[in-house]
Protein chains: 8
Amino acid sequence: MRDVLEAVAAGSISVDEAEAQLAGYLTGEVGRFDTARERRRGIPEGILADGKTPAEVAALADTALRTTEHAIVTRTTDDHRAAIREHLGEEHPDAAVDVRERSGVVIVHGPDYAPPAVDATVGVVAAGTADAAVAGEAAAVLEEIGVGVERIHDVGVANLTRITDRIPELRTVDVLIVAAGREGALPTVVAGLVDVPVIGVPVSCGYGHGADGEAALAGILQSCTILSVVNIDAGFVAGAQAGLIARAIAAARTDT
Amino acid sequence: MRDVLEAVAAGSISVDEAEAQLAGYLTGEVGRFDTARERRRGIPEGILADGKTPAEVAALADTALRTTEHAIVTRTTDDHRAAIREHLGEEHPDAAVDVRERSGVVIVHGPDYAPPAVDATVGVVAAGTADAAVAGEAAAVLEEIGVGVERIHDVGVANLTRITDRIPELRTVDVLIVAAGREGALPTVVAGLVDVPVIGVPVSCGYGHGADGEAALAGILQSCTILSVVNIDAGFVAGAQAGLIARAIAAARTDT
Amino acid sequence: MRDVLEAVAAGSISVDEAEAQLAGYLTGEVGRFDTARERRRGIPEGILADGKTPAEVAALADTALRTTEHAIVTRTTDDHRAAIREHLGEEHPDAAVDVRERSGVVIVHGPDYAPPAVDATVGVVAAGTADAAVAGEAAAVLEEIGVGVERIHDVGVANLTRITDRIPELRTVDVLIVAAGREGALPTVVAGLVDVPVIGVPVSCGYGHGADGEAALAGILQSCTILSVVNIDAGFVAGAQAGLIARAIAAARTDT
Amino acid sequence: MRDVLEAVAAGSISVDEAEAQLAGYLTGEVGRFDTARERRRGIPEGILADGKTPAEVAALADTALRTTEHAIVTRTTDDHRAAIREHLGEEHPDAAVDVRERSGVVIVHGPDYAPPAVDATVGVVAAGTADAAVAGEAAAVLEEIGVGVERIHDVGVANLTRITDRIPELRTVDVLIVAAGREGALPTVVAGLVDVPVIGVPVSCGYGHGADGEAALAGILQSCTILSVVNIDAGFVAGAQAGLIARAIAAARTDT
Amino acid sequence: MRDVLEAVAAGSISVDEAEAQLAGYLTGEVGRFDTARERRRGIPEGILADGKTPAEVAALADTALRTTEHAIVTRTTDDHRAAIREHLGEEHPDAAVDVRERSGVVIVHGPDYAPPAVDATVGVVAAGTADAAVAGEAAAVLEEIGVGVERIHDVGVANLTRITDRIPELRTVDVLIVAAGREGALPTVVAGLVDVPVIGVPVSCGYGHGADGEAALAGILQSCTILSVVNIDAGFVAGAQAGLIARAIAAARTDT
Amino acid sequence: MRDVLEAVAAGSISVDEAEAQLAGYLTGEVGRFDTARERRRGIPEGILADGKTPAEVAALADTALRTTEHAIVTRTTDDHRAAIREHLGEEHPDAAVDVRERSGVVIVHGPDYAPPAVDATVGVVAAGTADAAVAGEAAAVLEEIGVGVERIHDVGVANLTRITDRIPELRTVDVLIVAAGREGALPTVVAGLVDVPVIGVPVSCGYGHGADGEAALAGILQSCTILSVVNIDAGFVAGAQAGLIARAIAAARTDT
Amino acid sequence: MRDVLEAVAAGSISVDEAEAQLAGYLTGEVGRFDTARERRRGIPEGILADGKTPAEVAALADTALRTTEHAIVTRTTDDHRAAIREHLGEEHPDAAVDVRERSGVVIVHGPDYAPPAVDATVGVVAAGTADAAVAGEAAAVLEEIGVGVERIHDVGVANLTRITDRIPELRTVDVLIVAAGREGALPTVVAGLVDVPVIGVPVSCGYGHGADGEAALAGILQSCTILSVVNIDAGFVAGAQAGLIARAIAAARTDT
Amino acid sequence: MRDVLEAVAAGSISVDEAEAQLAGYLTGEVGRFDTARERRRGIPEGILADGKTPAEVAALADTALRTTEHAIVTRTTDDHRAAIREHLGEEHPDAAVDVRERSGVVIVHGPDYAPPAVDATVGVVAAGTADAAVAGEAAAVLEEIGVGVERIHDVGVANLTRITDRIPELRTVDVLIVAAGREGALPTVVAGLVDVPVIGVPVSCGYGHGADGEAALAGILQSCTILSVVNIDAGFVAGAQAGLIARAIAAARTDT
């Protein structure tokens, strides 16, 4: 901070510049969707549709599109998706709206959107259909970050060959996201087989004691291997965290 | 019931006999340690030392020894074990007192105790030292039931070869008990590899969210394989339940 | 594993055979519905309709039917059942579709389905209407396994004669499944009356503290008798576990 | 209230009397141990030793003795008991101090204490040693209330004959208190056998999921019979509530 | 039991009679709705509509009416009530069907129903509209038992005069039921003002931490006064338990 | 109390007056909506629509309007709002009905309503759209109390400049209410920046572990700064508590 | 912020001054014990002894004493207190060390400490001995803030006259802190009787369901009156929050 | 797998080699401490002392030292540390034993231990003394991995300047671990200020609702920023996970 102030005192930077830098001293963000920060950090800000009205979600997608040339909306219902399609169809007829019903994600790209390319790959592992929505959310944010995504499906602990058959794939990525419902054992078994960072995502499914992803969350937290975890169903957060790691790796690759 | 009553009416059985039979109509048990029932059912009644004074535990062991020729005491502390040793040393100098410090189990055999022999084998699987006490409790009750016991140690999900190397052992027993602390994934993985009934026993260990065996219990209940479960640390119950199954199998073997 | 490798080296088995055996070294399963494993193990893989779309469920039932000649679908809604009926009516007009509305179970048998016959009987005990769905799910899987099923209804702890009147039935089966909602005392009382393995199934019902089956689950885990337990409402798992035990008993009967 | 005020206005009662009566309008109690209320209501105020220093407990027992001629102290440790003995030995050498180590209760009677006699009987049912402390606390307060107490021991649900053999005793009392640890099924079974009010007391014991009396509490609340319940280990409250009921019955007997 | 057997042996009673008596040795109940037991015990068996189909509920009401001349159905929805009305209108056109929408209770009296009259009164206290349904359920069962019911409304702890103004009413009844949502303080305050047994009923209402009646339940269990409690919203159980107490008091009044 | 009684005895006040004063000795309130108390205390009694029928809510609003000249209804649905509009439109055509859909609050002012003016300001801070309803409820009750309200929106911990830019506003109010969902960190950060009392309001939103406001509640309770808290979503209570503080400050300003 | 920067650019303030002001823009605090902030805000920073070694606590008390002329240490054990006494006796022989064993609080005043005087009074209400420690902690911090403290003891909901007799005291203070264990009803009853802000403090005591202050916390959060709350046993926080309110009132009194 | 088998069949590799490779097909690990895997993966296997006897811990440290030339033991007590010192002093007098009492970690380096050097830096952020043990555990494992460690102390959310002053340090590392007790807000605030991956570690401390790290865990899971998390107090896991990420970054740096 002192440097900036001395520069102001010396007249070598203007008050405007100093104000901007000191604001940046904190985070450099201004407004809801901050192009500067997204460009620097590489992680798009998602719009969580859950709990918002269709109109609100459409308006936020519009703003994101105007300010960052793309938008990523998660946990949409049919109503949200209809509102986004209608609103953007009118306001941004040249935008590409990619609706993924399975995962509830909507991706919008403006005509001038230049997708980033990050030289690193993240594997997204899921056992069954219940995990697909969460894995799809993680994959969507990774794609927007520009990271290579390797989807690895139908991998479950009840049948080890389904896991061991996939070891080559598991071992060629830079980071792994493993979605797991029920007893949440899959991230533990996978982390024992690879040497890269693994992020577990508990998935809410099932019934009875420990349902809603709570057994899976507790199991991943108690794992006897090296794992970190995000909240239940938080596919977006898992994707963004894996994306930050992948970007750091890619930057190291590029820097040299 | 009617048969008994008609026999009484007909005078073909005495009132005493009828009373005994009608009591048996319910369960046939009398008193704290019931030789008749234990003989018929094959499962010894355990003495849970936890929450009782050393003197109480020693007295109960004495009674069990007198009525059933053996005693099995679980969750003993040093004080309980000292009291049992001293009391039985005086009262039953010819009894064999087998103290197992690791699992906290004490087994006492009277001089005339004829150990049963059940033609079936139960595998008791444990991952690490934390699970040893629980597995030891299960093994002890199985031994008293007369079932063959196969101990399978150092089997953990973080390293699959430690499991797959043991598949031959896992596949030669009639029933499996799998003790599991932390995330409780081991019973699920084992049950996917075998065709016999598997009983999971959650083990209290670790720290943080899901500790004290709660994550393991929830995980086993949520398992995507076929498992039944007993309460956290309930090695005795797991052993007795596996023993009931093993006895039924052995009886079928013998009957024919 | 070494044996297989030495055989390959010696040329006594082909690479194909070795690959198959080594895969089998792990579990021997391939694909979603594995005829080989089901034949060996005897337990059908159920299709849990809950959380899947009607179209997904119908497609899975179709696959199961094609690969294993039968299908068992649980927790179906009206929509699931309609989709199964319509889809299989078109694709498999000669299949027998057995819809059980009470328990939400759908059983499909292909024209060439040869039902297994296992020489053992499992008793399925339920107190009231709330438990019927869970008990029905357990009975359905037992029937597909080929085990004899004895349904014992209207047995509750509030009126002991309703239990004691059924003791003869309770004592003639090889294994018992006891479904119990509310306070979950029934498995404990039944286990005190019989000498065979008893599996408790907590049932979600009622209101207030301990509702949704949590009181029943905790009560069965804390039971002062010998019981194992499955998750709340997990009738399928209870049936499959009892089926594994019954098959082991039947195999012992047959072997000799 | 108006009557009192009019009497004051009319001068027919003094201001002092009116103040006393209006205070009584609310509860009639004054001070920590209120002889007037205890006499009217018949329920002694207990001194909970848990969480107080030995000196505090001894002082409270002293005060109770002075004001109500007796004292009942619950949940005492050895230190509490020593302090009570020493302090009362000096201050009230003619008081009778009855120390019950099993239940942790201390009863003190002054030399002029006239025990009440209530023409009603309460049964106190307990399964095992773990329940004895709680049942002892309930019995102690009932004795001080003057109610007849019938102790019914060694009654458990795992063996129905132990219950049915006691039906005559269970059916001759006016009210029943049933202490129950573990799965808490005993109050439900007992309430199905009798026609009098039954109060369940969950007992903290055991280990694993549902321990510390929580499974028993939830089970009694979920009971399919008619029961009311007090908090876990609250033997004193159960005794006092049963005492209020017994006194009401006795009063009805006497009134006529 | 011996007496009965000796009588059989002596031929003084028939086998049929003996069988009936020995069944009665246990509980004397036969079938779903047992006139004998209800007559002896005075508590009608309620039909819990929640979780049953309208047709099931109507059929159970029909059976209750046929066997006991009346029926009490709780937690009915509009659909349940319509089914009861329609079914009983056809089958029992002369029965009186009393539908209480507020509390969801339906009472049916056959033409020959002779309402019992119990010489005792129970007060039913409620704070607000949220508690009215639960209090109405309690009152309904008390009316069927034949006990006098005193409804005391609009009594809340936030304004003490609303309580103290009702003290005369609170003090003239034999037993009190106090329904309490939110923080559940009302039963504690009321129990401090009266000398009769008080039964607290937690009521599910409100939002946030401790909602659904859990704060009220915990508060009543932790009360510093003498209270027993039933489960959240269990108005029927509270009414039946209060009815058992009131009947005992009334019997004592009559006996003399 | 004695003073009143002596005055009655002396005849200096009438019995009626004494009765009124002694009732007032307790709280001075009579009836559901007490003008006297609201005038003295300044906090309107809110009508919680949640859990009441539209007709009940409209009737309560009518009563409030008649007795206190205004009404504040919270947590209304569309149906509640329609019923209020219709009912009051007929009964009170000259009342001003202010419907706020976002926060679910309805404010009604009678034609003679004189809004109070309290010389103090409360800041109401909210992060996002999810918190708006709760913040709106707090603001509404503050407006009715007559306190100045400063709304401070879009303040979140993920971007500190959004907080630090608002410090001047945060520092000019007398009391702060901070609504916070998710991890509930905002009240802690704000309380570290100001010197006035801060009341945190956890907001129910989000999904996964700690959802429904429970993480935010626990976080505010565990805060390392000085905060008090109200229940999850309890905007009304937060507003009323802040209003009591603001009124005390304003009274101190005015008194001098 | 811009103002400061413009002043720097204009040379009207030095870089050092600007840096200090911009730091102050955030909070103005530097170091562990900040005299500037404490002077401005009036709330001392407490030292929580719980979880720290005696040596650490003594060192922190020493630092507080040096920088702010006084220290307030909470939750001390005998060892902490001995370490403070010994260390400060050596280092600060002229400091006054006030040890309060009941509440575990230690207050240290340096020889030049000038106690503040705030023209406002806070009432601290407690029911029994269990609440005394928490109430003592609140009172201690209030004394250091300089606020008048009115202790109101032995006030409980089980006996309303003990509350109503204290109404005059309750009504003469500016703010109320009410400590409440068990069912936590006292803050609700008190808040119904006064017009000033009431802060509830749940107290951990008792046993069984809802113990450790959880029932009291839930009850205060669910209260049907206007209350805010702090965490269980958080007497310091309650005192500091009440002190902030009292200081605001006193400032308003003084300002005019 | 096929490739290996074909090579065996072709005789191009020996059976021994094939066996080794196929074992490696799974994980390549053998035994408790696997030099091969640790060398490849770079993460040492920690010895958790908690729950093991001093002798067991010393023996495990000995084994680790023999097989991997170093050992890292966590959560040691004084007894564990004494046993390690004594045992290794005898067996490995030339080993360097580094005991860190604050964090409970013991590091042992054999004389030939060649510490790895990983070209990446991890920042370890902690707020206060309570977090120091957890942060120390994370730092210890990072040091053994060979990663640069930047300790950043005394950073708390209650005073933002303490955070903003450290922004330069926070922004120069490759990965951040943020330990946080109480309300757990620190990881959220830090993650808003940086562009690198942040791993939160909840710390067990404090008292009341949400204590033992549960509030912090829920808060980090609910964070509105991008974070992953490990279990409460799991400093070792956080360090190992950050080490995996740092190694991947360093490898990318080196590769090019």
# chains A, B, ... in the order shown; residues from 1 in each chain; ligands from 1

$ interface_residues --of "chain C" --to "chain E" --cutoff "9 Å" --atoms "only C-alpha atoms" --output "PyMOL selection string"
chain C and resi 129-130+159-162+165+205-209

$ residues_around --residues "region 136-152 of chain C" --least-positions-apart "2" --cutoff "6 Å" --atoms "only C-alpha atoms" --output "ChimeraX atom specification"
/C:42-43,103,116-118,120-125,132-134,235-236,239,243

$ select_by_dssp --residues "region 174-245 of chain D" --states "strand (DSSP E)" --output "list in words"
Val175, Leu176, Ile177, Val178, Ala179, Ala180, Val198, Ile199, Gly200, Val201, Pro202, Ser228 and Val229 of chain D

$ residues_around --residues "Glu91 (chain C)" --least-positions-apart "5" --cutoff "12 Å" --atoms "only C-alpha atoms" --output "PyMOL selection string"
chain C and resi 58-59+61-63+65-66+83-86+110

$ select_by_dssp --residues "region 48-236 of chain D" --states "alpha helix (DSSP H)" --output "ChimeraX atom specification"
/D:54-68,78-91,129-145,160-164,167-170,186-191,214-221,235-236

$ atom_distance --atom1 "CA of Asp154 (chain E)" --atom2 "CA of Gly128 (chain E)"
5.5 Å

$ residues_around --residues "Ile72 (chain D)" --least-positions-apart "5" --cutoff "8 Å" --atoms "only C-alpha atoms" --output "compact mmCIF listing (two decimals) with all heavy atoms, in the first residue's frame"
# COMPACT_ATOMS: atom_id res chain seq x y z
N PRO D 44 -41.93 -33.83 47.64
CA PRO D 44 -40.77 -33.12 48.18
C PRO D 44 -39.94 -32.53 47.05
O PRO D 44 -39.91 -33.06 45.95
CB PRO D 44 -39.99 -34.22 48.91
CG PRO D 44 -40.36 -35.47 48.19
CD PRO D 44 -41.78 -35.29 47.76
N GLU D 45 -39.27 -31.40 47.37
CA GLU D 45 -38.37 -30.82 46.38
C GLU D 45 -37.02 -31.53 46.49
O GLU D 45 -36.42 -31.56 47.57
CB GLU D 45 -38.21 -29.33 46.66
CG GLU D 45 -38.32 -28.48 45.40
CD GLU D 45 -38.36 -27.02 45.73
OE1 GLU D 45 -39.23 -26.61 46.54
OE2 GLU D 45 -37.53 -26.28 45.20
N GLY D 46 -36.55 -32.14 45.45
CA GLY D 46 -35.28 -32.87 45.50
C GLY D 46 -34.10 -31.92 45.36
O GLY D 46 -34.22 -30.83 44.81
N ILE D 47 -32.95 -32.36 45.87
CA ILE D 47 -31.72 -31.61 45.70
C ILE D 47 -30.85 -32.39 44.71
O ILE D 47 -30.43 -33.51 45.00
CB ILE D 47 -30.99 -31.46 47.05
CG1 ILE D 47 -31.86 -30.69 48.03
CG2 ILE D 47 -29.63 -30.80 46.86
CD1 ILE D 47 -31.43 -30.84 49.48
N ALA D 61 -29.10 -29.62 51.96
CA ALA D 61 -29.75 -30.68 52.71
C ALA D 61 -30.10 -30.20 54.11
O ALA D 61 -31.18 -30.51 54.64
CB ALA D 61 -28.84 -31.91 52.77
N VAL D 105 -28.78 -41.95 45.85
CA VAL D 105 -29.76 -41.15 46.58
C VAL D 105 -29.40 -41.12 48.06
O VAL D 105 -28.96 -42.12 48.61
CB VAL D 105 -31.17 -41.74 46.40
CG1 VAL D 105 -32.18 -41.01 47.28
CG2 VAL D 105 -31.60 -41.67 44.94
N VAL D 106 -29.58 -39.97 48.67
CA VAL D 106 -29.48 -39.85 50.13
C VAL D 106 -30.80 -39.31 50.66
O VAL D 106 -31.30 -38.29 50.15
CB VAL D 106 -28.32 -38.91 50.55
CG1 VAL D 106 -28.28 -38.78 52.07
CG2 VAL D 106 -27.00 -39.43 50.01
N ILE D 107 -31.35 -40.02 51.66
CA ILE D 107 -32.60 -39.59 52.29
C ILE D 107 -32.27 -39.22 53.73
O ILE D 107 -31.59 -39.96 54.42
CB ILE D 107 -33.62 -40.75 52.32
CG1 ILE D 107 -33.93 -41.24 50.91
CG2 ILE D 107 -34.88 -40.36 53.07
CD1 ILE D 107 -34.77 -40.31 50.10
N VAL D 108 -32.74 -38.07 54.16
CA VAL D 108 -32.52 -37.66 55.55
C VAL D 108 -33.88 -37.39 56.19
O VAL D 108 -34.70 -36.67 55.62
CB VAL D 108 -31.65 -36.39 55.64
CG1 VAL D 108 -31.27 -36.11 57.08
CG2 VAL D 108 -30.42 -36.52 54.76
N VAL D 141 -38.16 -41.31 45.81
CA VAL D 141 -39.07 -40.16 45.90
C VAL D 141 -40.49 -40.65 46.22
O VAL D 141 -41.22 -40.01 46.98
CB VAL D 141 -39.01 -39.27 44.64
CG1 VAL D 141 -39.58 -39.95 43.44
CG2 VAL D 141 -39.74 -37.97 44.89

$ decode --residues "region 78-156 of chain H" --atoms "C-alpha atoms" --output "PDB file, in the first residue's frame"
ATOM      1  CA  ASP H  78       4.044 -36.971  26.064  1.00  0.00           C
ATOM      2  CA  ASP H  79       4.063 -40.747  26.501  1.00  0.00           C
ATOM      3  CA  HIS H  80       4.250 -41.364  22.769  1.00  0.00           C
ATOM      4  CA  ARG H  81       7.090 -38.892  22.436  1.00  0.00           C
ATOM      5  CA  ALA H  82       9.027 -40.435  25.306  1.00  0.00           C
ATOM      6  CA  ALA H  83       8.623 -43.908  23.820  1.00  0.00           C
ATOM      7  CA  ILE H  84       9.764 -42.748  20.399  1.00  0.00           C
ATOM      8  CA  ARG H  85      12.797 -40.975  21.851  1.00  0.00           C
ATOM      9  CA  GLU H  86      13.810 -43.928  23.979  1.00  0.00           C
ATOM     10  CA  HIS H  87      13.213 -46.610  21.379  1.00  0.00           C
ATOM     11  CA  LEU H  88      14.880 -44.761  18.496  1.00  0.00           C
ATOM     12  CA  GLY H  89      17.704 -43.561  20.749  1.00  0.00           C
ATOM     13  CA  GLU H  90      18.569 -47.220  21.294  1.00  0.00           C
ATOM     14  CA  GLU H  91      17.839 -48.607  17.867  1.00  0.00           C
ATOM     15  CA  HIS H  92      18.808 -45.674  15.668  1.00  0.00           C
ATOM     16  CA  PRO H  93      21.230 -43.521  17.643  1.00  0.00           C
ATOM     17  CA  ASP H  94      22.238 -41.636  14.515  1.00  0.00           C
ATOM     18  CA  ALA H  95      18.692 -40.654  13.546  1.00  0.00           C
ATOM     19  CA  ALA H  96      17.578 -37.047  14.061  1.00  0.00           C
ATOM     20  CA  VAL H  97      14.376 -36.902  16.142  1.00  0.00           C
ATOM     21  CA  ASP H  98      12.573 -33.579  15.853  1.00  0.00           C
ATOM     22  CA  VAL H  99       9.830 -33.256  18.473  1.00  0.00           C
ATOM     23  CA  ARG H 100       7.318 -30.409  18.068  1.00  0.00           C
ATOM     24  CA  GLU H 101       5.256 -30.188  21.225  1.00  0.00           C
ATOM     25  CA  ARG H 102       2.877 -27.476  20.028  1.00  0.00           C
ATOM     26  CA  SER H 103       1.579 -29.497  17.090  1.00  0.00           C
ATOM     27  CA  GLY H 104       2.233 -32.935  18.594  1.00  0.00           C
ATOM     28  CA  VAL H 105       4.267 -33.916  15.538  1.00  0.00           C
ATOM     29  CA  VAL H 106       7.491 -35.948  15.652  1.00  0.00           C
ATOM     30  CA  ILE H 107       9.751 -36.039  12.597  1.00  0.00           C
ATOM     31  CA  VAL H 108      12.570 -38.567  12.367  1.00  0.00           C
ATOM     32  CA  HIS H 109      15.288 -38.463   9.736  1.00  0.00           C
ATOM     33  CA  GLY H 110      17.718 -41.297   9.226  1.00  0.00           C
ATOM     34  CA  PRO H 111      21.389 -40.456   8.660  1.00  0.00           C
ATOM     35  CA  ASP H 112      21.102 -41.124   4.938  1.00  0.00           C
ATOM     36  CA  TYR H 113      17.845 -39.301   4.472  1.00  0.00           C
ATOM     37  CA  ALA H 114      17.984 -37.103   1.396  1.00  0.00           C
ATOM     38  CA  PRO H 115      15.228 -34.520   1.740  1.00  0.00           C
ATOM     39  CA  PRO H 116      13.333 -33.948  -1.496  1.00  0.00           C
ATOM     40  CA  ALA H 117      13.114 -30.467  -2.977  1.00  0.00           C
ATOM     41  CA  VAL H 118       9.899 -29.522  -4.720  1.00  0.00           C
ATOM     42  CA  ASP H 119       9.893 -26.236  -6.632  1.00  0.00           C
ATOM     43  CA  ALA H 120       6.623 -24.876  -5.306  1.00  0.00           C
ATOM     44  CA  THR H 121       5.385 -23.104  -2.185  1.00  0.00           C
ATOM     45  CA  VAL H 122       2.365 -23.640   0.017  1.00  0.00           C
ATOM     46  CA  GLY H 123       1.092 -20.957   2.370  1.00  0.00           C
ATOM     47  CA  VAL H 124      -0.264 -22.121   5.726  1.00  0.00           C
ATOM     48  CA  VAL H 125      -2.556 -19.522   7.263  1.00  0.00           C
ATOM     49  CA  ALA H 126      -3.773 -19.603  10.868  1.00  0.00           C
ATOM     50  CA  ALA H 127      -5.661 -17.154  13.030  1.00  0.00           C
ATOM     51  CA  GLY H 128      -4.658 -17.911  16.587  1.00  0.00           C
ATOM     52  CA  THR H 129      -3.095 -20.282  19.040  1.00  0.00           C
ATOM     53  CA  ALA H 130      -5.924 -22.807  18.773  1.00  0.00           C
ATOM     54  CA  ASP H 131      -5.200 -23.254  15.081  1.00  0.00           C
ATOM     55  CA  ALA H 132      -1.442 -23.565  15.539  1.00  0.00           C
ATOM     56  CA  ALA H 133      -1.401 -27.316  16.175  1.00  0.00           C
ATOM     57  CA  VAL H 134      -3.368 -28.064  13.042  1.00  0.00           C
ATOM     58  CA  ALA H 135      -1.330 -25.645  10.962  1.00  0.00           C
ATOM     59  CA  GLY H 136       1.852 -27.143  12.389  1.00  0.00           C
ATOM     60  CA  GLU H 137       0.778 -30.619  11.343  1.00  0.00           C
ATOM     61  CA  ALA H 138       0.122 -29.402   7.803  1.00  0.00           C
ATOM     62  CA  ALA H 139       3.453 -27.598   7.674  1.00  0.00           C
ATOM     63  CA  ALA H 140       5.319 -30.667   8.924  1.00  0.00           C
ATOM     64  CA  VAL H 141       4.029 -32.950   6.199  1.00  0.00           C
ATOM     65  CA  LEU H 142       4.740 -30.266   3.579  1.00  0.00           C
ATOM     66  CA  GLU H 143       8.325 -30.020   4.766  1.00  0.00           C
ATOM     67  CA  GLU H 144       8.762 -33.775   4.450  1.00  0.00           C
ATOM     68  CA  ILE H 145       7.303 -33.606   0.961  1.00  0.00           C
ATOM     69  CA  GLY H 146       9.956 -31.011   0.201  1.00  0.00           C
ATOM     70  CA  VAL H 147       7.603 -28.164  -0.602  1.00  0.00           C
ATOM     71  CA  GLY H 148       8.411 -24.611   0.432  1.00  0.00           C
ATOM     72  CA  VAL H 149       6.215 -23.557   3.358  1.00  0.00           C
ATOM     73  CA  GLU H 150       5.167 -20.003   4.109  1.00  0.00           C
ATOM     74  CA  ARG H 151       3.614 -19.668   7.590  1.00  0.00           C
ATOM     75  CA  ILE H 152       1.175 -16.749   7.876  1.00  0.00           C
ATOM     76  CA  HIS H 153       0.027 -16.224  11.480  1.00  0.00           C
ATOM     77  CA  ASP H 154      -2.415 -14.042  13.394  1.00  0.00           C
ATOM     78  CA  VAL H 155      -4.797 -13.517  10.526  1.00  0.00           C
ATOM     79  CA  GLY H 156      -8.419 -13.161  11.626  1.00  0.00           C
TER      80      GLY H 156
END
